[in-house]
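input.cif follows; it contains mmCIF, N, CA and C atoms.
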```cif
data_protein
#
loop_
_atom_site.label_atom_id
_atom_site.label_comp_id
_atom_site.auth_asym_id
_atom_site.auth_seq_id
_atom_site.Cartn_x
_atom_site.Cartn_y
_atom_site.Cartn_z
N MET A 1 68.77 128.92 21.14
CA MET A 1 68.24 129.24 22.46
C MET A 1 66.73 129.11 22.44
N PRO A 2 66.16 128.58 23.51
CA PRO A 2 64.71 128.50 23.60
C PRO A 2 64.09 129.88 23.78
N ALA A 3 62.88 130.03 23.26
CA ALA A 3 62.10 131.23 23.46
C ALA A 3 61.06 130.94 24.54
N ILE A 4 60.78 131.92 25.37
CA ILE A 4 59.78 131.76 26.41
C ILE A 4 58.68 132.78 26.17
N ARG A 5 57.45 132.30 26.04
CA ARG A 5 56.29 133.19 25.92
C ARG A 5 55.86 133.60 27.32
N ILE A 6 55.77 134.91 27.52
CA ILE A 6 55.46 135.47 28.83
C ILE A 6 54.00 135.90 28.86
N PRO A 7 53.23 135.44 29.86
CA PRO A 7 51.83 135.87 29.94
C PRO A 7 51.73 137.35 30.29
N THR A 8 50.65 137.95 29.88
CA THR A 8 50.44 139.38 30.08
C THR A 8 50.68 139.81 31.53
N GLN A 9 50.18 139.04 32.49
CA GLN A 9 50.29 139.45 33.90
C GLN A 9 51.71 139.38 34.45
N LEU A 10 52.66 138.81 33.71
CA LEU A 10 54.05 138.76 34.17
C LEU A 10 55.00 139.60 33.31
N ARG A 11 54.47 140.27 32.32
CA ARG A 11 55.33 141.03 31.41
C ARG A 11 55.99 142.24 32.07
N ASN A 12 55.49 142.67 33.21
CA ASN A 12 56.16 143.76 33.93
C ASN A 12 57.57 143.34 34.34
N LEU A 13 57.81 142.04 34.48
CA LEU A 13 59.13 141.53 34.85
C LEU A 13 60.11 141.52 33.67
N THR A 14 59.57 141.58 32.45
CA THR A 14 60.42 141.56 31.26
C THR A 14 60.40 142.89 30.53
N GLY A 15 60.00 143.94 31.21
CA GLY A 15 59.93 145.25 30.58
C GLY A 15 58.88 145.32 29.49
N GLY A 16 57.86 144.47 29.59
CA GLY A 16 56.77 144.47 28.63
C GLY A 16 56.92 143.48 27.50
N ALA A 17 58.06 142.78 27.44
CA ALA A 17 58.29 141.82 26.35
C ALA A 17 57.37 140.61 26.48
N ALA A 18 56.76 140.23 25.37
CA ALA A 18 55.87 139.07 25.33
C ALA A 18 56.65 137.77 25.15
N GLU A 19 57.91 137.88 24.71
CA GLU A 19 58.74 136.71 24.50
C GLU A 19 60.19 137.08 24.74
N VAL A 20 60.90 136.21 25.42
CA VAL A 20 62.33 136.40 25.66
C VAL A 20 63.05 135.10 25.34
N THR A 21 64.35 135.17 25.11
CA THR A 21 65.14 133.96 24.87
C THR A 21 66.18 133.83 25.97
N VAL A 22 66.42 132.60 26.36
CA VAL A 22 67.42 132.29 27.40
C VAL A 22 68.10 130.98 27.03
N GLU A 23 69.18 130.68 27.72
CA GLU A 23 69.88 129.40 27.57
C GLU A 23 69.22 128.37 28.47
N GLY A 24 69.34 127.11 28.09
CA GLY A 24 68.86 126.04 28.94
C GLY A 24 68.49 124.82 28.14
N GLY A 25 68.75 123.64 28.71
CA GLY A 25 68.46 122.39 28.03
C GLY A 25 67.26 121.65 28.58
N THR A 26 66.77 122.10 29.76
CA THR A 26 65.57 121.51 30.36
C THR A 26 64.65 122.66 30.79
N VAL A 27 63.42 122.33 31.11
CA VAL A 27 62.49 123.36 31.58
C VAL A 27 63.04 124.02 32.84
N ALA A 28 63.57 123.23 33.77
CA ALA A 28 64.12 123.79 35.01
C ALA A 28 65.25 124.78 34.72
N GLU A 29 66.14 124.44 33.79
CA GLU A 29 67.25 125.33 33.44
C GLU A 29 66.75 126.60 32.75
N VAL A 30 65.77 126.44 31.89
CA VAL A 30 65.21 127.60 31.18
C VAL A 30 64.53 128.55 32.16
N LEU A 31 63.75 128.01 33.10
CA LEU A 31 63.07 128.87 34.07
C LEU A 31 64.07 129.52 35.02
N ALA A 32 65.13 128.81 35.38
CA ALA A 32 66.18 129.40 36.23
C ALA A 32 66.88 130.53 35.49
N ALA A 33 67.16 130.34 34.21
CA ALA A 33 67.80 131.39 33.41
C ALA A 33 66.87 132.58 33.24
N LEU A 34 65.57 132.31 33.11
CA LEU A 34 64.59 133.39 33.01
C LEU A 34 64.61 134.24 34.27
N ASP A 35 64.62 133.59 35.44
CA ASP A 35 64.63 134.32 36.70
C ASP A 35 65.96 135.05 36.89
N ALA A 36 67.05 134.47 36.43
CA ALA A 36 68.36 135.12 36.56
C ALA A 36 68.43 136.39 35.72
N SER A 37 67.84 136.35 34.53
CA SER A 37 67.90 137.53 33.65
C SER A 37 66.75 138.51 33.89
N HIS A 38 65.68 138.04 34.49
CA HIS A 38 64.51 138.88 34.79
C HIS A 38 64.02 138.50 36.19
N PRO A 39 64.68 138.98 37.24
CA PRO A 39 64.34 138.58 38.61
C PRO A 39 62.87 138.79 38.95
N GLY A 40 62.35 137.85 39.74
CA GLY A 40 60.97 137.92 40.19
C GLY A 40 60.12 136.77 39.68
N PHE A 41 60.61 136.05 38.68
CA PHE A 41 59.83 134.93 38.14
C PHE A 41 59.75 133.77 39.12
N ALA A 42 60.85 133.43 39.77
CA ALA A 42 60.87 132.26 40.65
C ALA A 42 59.78 132.34 41.71
N GLU A 43 59.64 133.48 42.35
CA GLU A 43 58.64 133.59 43.42
C GLU A 43 57.22 133.50 42.90
N ARG A 44 57.03 133.78 41.63
CA ARG A 44 55.68 133.68 41.05
C ARG A 44 55.40 132.31 40.45
N LEU A 45 56.46 131.60 40.07
CA LEU A 45 56.28 130.31 39.41
C LEU A 45 56.39 129.11 40.35
N TYR A 46 57.16 129.25 41.44
CA TYR A 46 57.41 128.12 42.33
C TYR A 46 56.77 128.32 43.70
N ASP A 47 56.34 127.19 44.32
CA ASP A 47 55.82 127.25 45.68
C ASP A 47 56.98 127.19 46.67
N VAL A 48 56.68 127.18 47.96
CA VAL A 48 57.73 127.20 48.99
C VAL A 48 58.57 125.93 48.99
N ASP A 49 58.06 124.86 48.39
CA ASP A 49 58.80 123.60 48.31
C ASP A 49 59.63 123.49 47.03
N GLY A 50 59.60 124.55 46.21
CA GLY A 50 60.39 124.55 44.99
C GLY A 50 59.74 123.86 43.81
N ARG A 51 58.46 123.54 43.93
CA ARG A 51 57.72 122.93 42.82
C ARG A 51 56.95 124.00 42.06
N ILE A 52 56.75 123.76 40.77
CA ILE A 52 55.94 124.69 39.98
C ILE A 52 54.54 124.73 40.57
N ARG A 53 54.05 125.93 40.80
CA ARG A 53 52.73 126.11 41.42
C ARG A 53 51.64 125.39 40.63
N ARG A 54 50.61 124.92 41.35
CA ARG A 54 49.50 124.19 40.72
C ARG A 54 48.81 124.99 39.64
N PHE A 55 48.71 126.29 39.83
CA PHE A 55 47.96 127.12 38.88
C PHE A 55 48.83 127.68 37.75
N VAL A 56 50.07 127.24 37.68
CA VAL A 56 50.96 127.66 36.59
C VAL A 56 51.17 126.46 35.67
N ASN A 57 50.80 126.60 34.42
CA ASN A 57 50.99 125.55 33.43
C ASN A 57 52.18 125.94 32.55
N VAL A 58 53.03 124.97 32.28
CA VAL A 58 54.19 125.20 31.44
C VAL A 58 54.13 124.20 30.28
N PHE A 59 54.31 124.72 29.08
CA PHE A 59 54.25 123.91 27.88
C PHE A 59 55.56 124.04 27.11
N VAL A 60 55.99 122.93 26.52
CA VAL A 60 57.12 122.94 25.60
C VAL A 60 56.55 122.47 24.26
N ALA A 61 56.64 123.35 23.28
CA ALA A 61 56.10 123.04 21.94
C ALA A 61 54.66 122.53 22.05
N ASP A 62 53.84 123.23 22.81
CA ASP A 62 52.41 122.93 22.98
C ASP A 62 52.12 121.65 23.75
N GLU A 63 53.11 121.06 24.40
CA GLU A 63 52.91 119.86 25.22
C GLU A 63 53.06 120.24 26.69
N ASP A 64 52.06 119.91 27.51
CA ASP A 64 52.08 120.20 28.93
C ASP A 64 53.18 119.37 29.60
N ILE A 65 54.10 120.01 30.32
CA ILE A 65 55.21 119.29 30.93
C ILE A 65 54.74 118.32 32.01
N ARG A 66 53.53 118.50 32.53
CA ARG A 66 53.01 117.56 33.53
C ARG A 66 52.84 116.16 32.94
N PHE A 67 52.67 116.09 31.63
CA PHE A 67 52.50 114.80 30.96
C PHE A 67 53.78 114.35 30.28
N LEU A 68 54.86 115.10 30.49
CA LEU A 68 56.17 114.75 29.96
C LEU A 68 57.06 114.42 31.15
N ASP A 69 58.20 115.08 31.29
CA ASP A 69 59.11 114.82 32.40
C ASP A 69 59.14 115.95 33.41
N GLY A 70 58.04 116.73 33.50
CA GLY A 70 58.00 117.83 34.44
C GLY A 70 59.13 118.81 34.19
N PRO A 71 59.73 119.35 35.24
CA PRO A 71 60.82 120.31 35.07
C PRO A 71 62.05 119.73 34.36
N ALA A 72 62.17 118.40 34.34
CA ALA A 72 63.29 117.76 33.66
C ALA A 72 63.04 117.59 32.15
N THR A 73 61.90 118.04 31.67
CA THR A 73 61.57 117.93 30.25
C THR A 73 62.64 118.64 29.42
N PRO A 74 63.21 117.94 28.43
CA PRO A 74 64.20 118.58 27.57
C PRO A 74 63.60 119.72 26.74
N VAL A 75 64.40 120.74 26.51
CA VAL A 75 63.99 121.87 25.67
C VAL A 75 65.06 122.05 24.60
N ALA A 76 64.69 121.79 23.37
CA ALA A 76 65.63 121.91 22.26
C ALA A 76 65.88 123.38 21.93
N SER A 77 67.03 123.66 21.38
CA SER A 77 67.32 125.01 20.93
C SER A 77 66.29 125.38 19.86
N GLY A 78 65.72 126.56 19.98
CA GLY A 78 64.69 127.00 19.04
C GLY A 78 63.28 126.62 19.45
N ALA A 79 63.15 125.79 20.49
CA ALA A 79 61.82 125.42 20.96
C ALA A 79 61.17 126.60 21.68
N THR A 80 59.87 126.54 21.84
CA THR A 80 59.14 127.56 22.57
C THR A 80 58.58 126.99 23.85
N VAL A 81 58.86 127.68 24.96
CA VAL A 81 58.31 127.34 26.27
C VAL A 81 57.26 128.39 26.57
N SER A 82 56.05 127.94 26.91
CA SER A 82 54.97 128.87 27.22
C SER A 82 54.59 128.74 28.69
N ILE A 83 54.49 129.88 29.36
CA ILE A 83 54.01 129.93 30.74
C ILE A 83 52.57 130.38 30.66
N VAL A 84 51.65 129.55 31.18
CA VAL A 84 50.23 129.85 31.07
C VAL A 84 49.58 129.72 32.45
N PRO A 85 49.28 130.85 33.10
CA PRO A 85 48.59 130.77 34.39
C PRO A 85 47.16 130.25 34.17
N ALA A 86 46.73 129.41 35.10
CA ALA A 86 45.37 128.88 35.03
C ALA A 86 44.38 130.03 35.26
N VAL A 87 43.24 129.94 34.63
CA VAL A 87 42.22 130.96 34.77
C VAL A 87 41.04 130.32 35.49
N ALA A 88 40.62 130.94 36.58
CA ALA A 88 39.48 130.44 37.34
C ALA A 88 38.26 131.29 37.06
N GLY A 89 37.15 130.66 37.10
CA GLY A 89 35.91 131.40 36.88
C GLY A 89 34.79 130.77 37.66
N GLY A 90 33.67 131.43 37.64
CA GLY A 90 32.59 130.86 38.44
C GLY A 90 31.28 131.04 37.83
#
```

Could you write out this structure as structure tokens?
Amino acid sequence: MPAIRIPTQLRNLTGGAAEVTVEGGTVAEVLAALDASHPGFAERLYDVDGRIRRFVNVFVADEDIRFLDGPATPVASGATVSIVPAVAGG
């Protein structure tokens, strides 16, 4: 099962867990399973059109899915998916 690293600002949805495991063979399936087991992720990760929000970065094994196959990016069992919100500064 893939592991998902949860950013600090979303850990309230996982009871404080920094990492959880779920079933799934693609990023889309993994994120859907995450929301199914820890409700509230979908509304924070996806926009109204169902696309991953611009300020949410998702990595599979340290590779940005935007440069792979997006939500269709395969996720091997044992791989790590990281959710990394963009940080703005001025």

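If you measure from each of A:Val60, A:Ala36, A:Val20, A:Ile6 to Pro74 in chain A using only N, CA and C atoms, the closest one turns out to be A:Val60.
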
Got a sec: who's within 6.5 Å of Gly24 in chain A, counting only N, CA and C atoms, leaving out chain neighbours fewer than 2 positions off, as a VMD selection string? chain A and resid 1 to 2 22 26 to 27 29 to 30 75

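Of the listed residues (A:Ala72, A:Gly25, A:Ile4, A:Leu10), A:Leu10 comes nearest to Leu45 in chain A; the distances count only C-alpha atoms.
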
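Put simply, the PyMOL selection byres ((chain A and resi 85) around 5) in this file takes in A:Phe55, A:Val56, A:Asn57, A:Ile83, A:Val84, A:Ala86, A:Val87.
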
DSSP on the backbone, then: every residue of range 5-67 of chain A marked helix (DSSP H, G or I), written as a PDB file with N, CA and C atoms, keeping the file's coordinate frame.
```
ATOM      1  N   THR A   8      50.650 137.950  29.880  1.00  0.00           N
ATOM      2  CA  THR A   8      50.440 139.380  30.080  1.00  0.00           C
ATOM      3  C   THR A   8      50.680 139.810  31.530  1.00  0.00           C
ATOM      4  N   GLN A   9      50.180 139.040  32.490  1.00  0.00           N
ATOM      5  CA  GLN A   9      50.290 139.450  33.900  1.00  0.00           C
ATOM      6  C   GLN A   9      51.710 139.380  34.450  1.00  0.00           C
ATOM      7  N   LEU A  10      52.660 138.810  33.710  1.00  0.00           N
ATOM      8  CA  LEU A  10      54.050 138.760  34.170  1.00  0.00           C
ATOM      9  C   LEU A  10      55.000 139.600  33.310  1.00  0.00           C
ATOM     10  N   ARG A  11      54.470 140.270  32.320  1.00  0.00           N
ATOM     11  CA  ARG A  11      55.330 141.030  31.410  1.00  0.00           C
ATOM     12  C   ARG A  11      55.990 142.240  32.070  1.00  0.00           C
ATOM     13  N   ASN A  12      55.490 142.670  33.210  1.00  0.00           N
ATOM     14  CA  ASN A  12      56.160 143.760  33.930  1.00  0.00           C
ATOM     15  C   ASN A  12      57.570 143.340  34.340  1.00  0.00           C
ATOM     16  N   LEU A  13      57.810 142.040  34.480  1.00  0.00           N
ATOM     17  CA  LEU A  13      59.130 141.530  34.850  1.00  0.00           C
ATOM     18  C   LEU A  13      60.110 141.520  33.670  1.00  0.00           C
ATOM     19  N   THR A  14      59.570 141.580  32.450  1.00  0.00           N
ATOM     20  CA  THR A  14      60.420 141.560  31.260  1.00  0.00           C
ATOM     21  C   THR A  14      60.400 142.890  30.530  1.00  0.00           C
ATOM     22  N   VAL A  27      63.420 122.330  31.110  1.00  0.00           N
ATOM     23  CA  VAL A  27      62.490 123.360  31.580  1.00  0.00           C
ATOM     24  C   VAL A  27      63.040 124.020  32.840  1.00  0.00           C
ATOM     25  N   ALA A  28      63.570 123.230  33.770  1.00  0.00           N
ATOM     26  CA  ALA A  28      64.120 123.790  35.010  1.00  0.00           C
ATOM     27  C   ALA A  28      65.250 124.780  34.720  1.00  0.00           C
ATOM     28  N   GLU A  29      66.140 124.440  33.790  1.00  0.00           N
ATOM     29  CA  GLU A  29      67.250 125.330  33.440  1.00  0.00           C
ATOM     30  C   GLU A  29      66.750 126.600  32.750  1.00  0.00           C
ATOM     31  N   VAL A  30      65.770 126.440  31.890  1.00  0.00           N
ATOM     32  CA  VAL A  30      65.210 127.600  31.180  1.00  0.00           C
ATOM     33  C   VAL A  30      64.530 128.550  32.160  1.00  0.00           C
ATOM     34  N   LEU A  31      63.750 128.010  33.100  1.00  0.00           N
ATOM     35  CA  LEU A  31      63.070 128.870  34.070  1.00  0.00           C
ATOM     36  C   LEU A  31      64.070 129.520  35.020  1.00  0.00           C
ATOM     37  N   ALA A  32      65.130 128.810  35.380  1.00  0.00           N
ATOM     38  CA  ALA A  32      66.180 129.400  36.230  1.00  0.00           C
ATOM     39  C   ALA A  32      66.880 130.530  35.490  1.00  0.00           C
ATOM     40  N   ALA A  33      67.160 130.340  34.210  1.00  0.00           N
ATOM     41  CA  ALA A  33      67.800 131.390  33.410  1.00  0.00           C
ATOM     42  C   ALA A  33      66.870 132.580  33.240  1.00  0.00           C
ATOM     43  N   LEU A  34      65.570 132.310  33.110  1.00  0.00           N
ATOM     44  CA  LEU A  34      64.590 133.390  33.010  1.00  0.00           C
ATOM     45  C   LEU A  34      64.610 134.240  34.270  1.00  0.00           C
ATOM     46  N   ASP A  35      64.620 133.590  35.440  1.00  0.00           N
ATOM     47  CA  ASP A  35      64.630 134.320  36.700  1.00  0.00           C
ATOM     48  C   ASP A  35      65.960 135.050  36.890  1.00  0.00           C
ATOM     49  N   ALA A  36      67.050 134.470  36.430  1.00  0.00           N
ATOM     50  CA  ALA A  36      68.360 135.120  36.560  1.00  0.00           C
ATOM     51  C   ALA A  36      68.430 136.390  35.720  1.00  0.00           C
ATOM     52  N   SER A  37      67.840 136.350  34.530  1.00  0.00           N
ATOM     53  CA  SER A  37      67.900 137.530  33.650  1.00  0.00           C
ATOM     54  C   SER A  37      66.750 138.510  33.890  1.00  0.00           C
ATOM     55  N   PHE A  41      60.610 136.050  38.680  1.00  0.00           N
ATOM     56  CA  PHE A  41      59.830 134.930  38.140  1.00  0.00           C
ATOM     57  C   PHE A  41      59.750 133.770  39.120  1.00  0.00           C
ATOM     58  N   ALA A  42      60.850 133.430  39.770  1.00  0.00           N
ATOM     59  CA  ALA A  42      60.870 132.260  40.650  1.00  0.00           C
ATOM     60  C   ALA A  42      59.780 132.340  41.710  1.00  0.00           C
ATOM     61  N   GLU A  43      59.640 133.480  42.350  1.00  0.00           N
ATOM     62  CA  GLU A  43      58.640 133.590  43.420  1.00  0.00           C
ATOM     63  C   GLU A  43      57.220 133.500  42.900  1.00  0.00           C
ATOM     64  N   ARG A  44      57.030 133.780  41.630  1.00  0.00           N
ATOM     65  CA  ARG A  44      55.680 133.680  41.050  1.00  0.00           C
ATOM     66  C   ARG A  44      55.400 132.310  40.450  1.00  0.00           C
ATOM     67  N   LEU A  45      56.460 131.600  40.070  1.00  0.00           N
ATOM     68  CA  LEU A  45      56.280 130.310  39.410  1.00  0.00           C
ATOM     69  C   LEU A  45      56.390 129.110  40.350  1.00  0.00           C
ATOM     70  N   ILE A  65      54.100 120.010  30.320  1.00  0.00           N
ATOM     71  CA  ILE A  65      55.210 119.290  30.930  1.00  0.00           C
ATOM     72  C   ILE A  65      54.740 118.320  32.010  1.00  0.00           C
ATOM     73  N   ARG A  66      53.530 118.500  32.530  1.00  0.00           N
ATOM     74  CA  ARG A  66      53.010 117.560  33.530  1.00  0.00           C
ATOM     75  C   ARG A  66      52.840 116.160  32.940  1.00  0.00           C
ATOM     76  N   PHE A  67      52.670 116.090  31.630  1.00  0.00           N
ATOM     77  CA  PHE A  67      52.500 114.800  30.960  1.00  0.00           C
ATOM     78  C   PHE A  67      53.780 114.350  30.280  1.00  0.00           C
TER      79      PHE A  67
END
```

Determine, counting all atoms listed in the file, which protein, DNA and RNA residues have an atom within 8 Å of an atom of Asp62 in chain A; residues of the same chain fewer than 4 positions away are not included. Present the result as a ChimeraX atom specification. /A:58,80-82
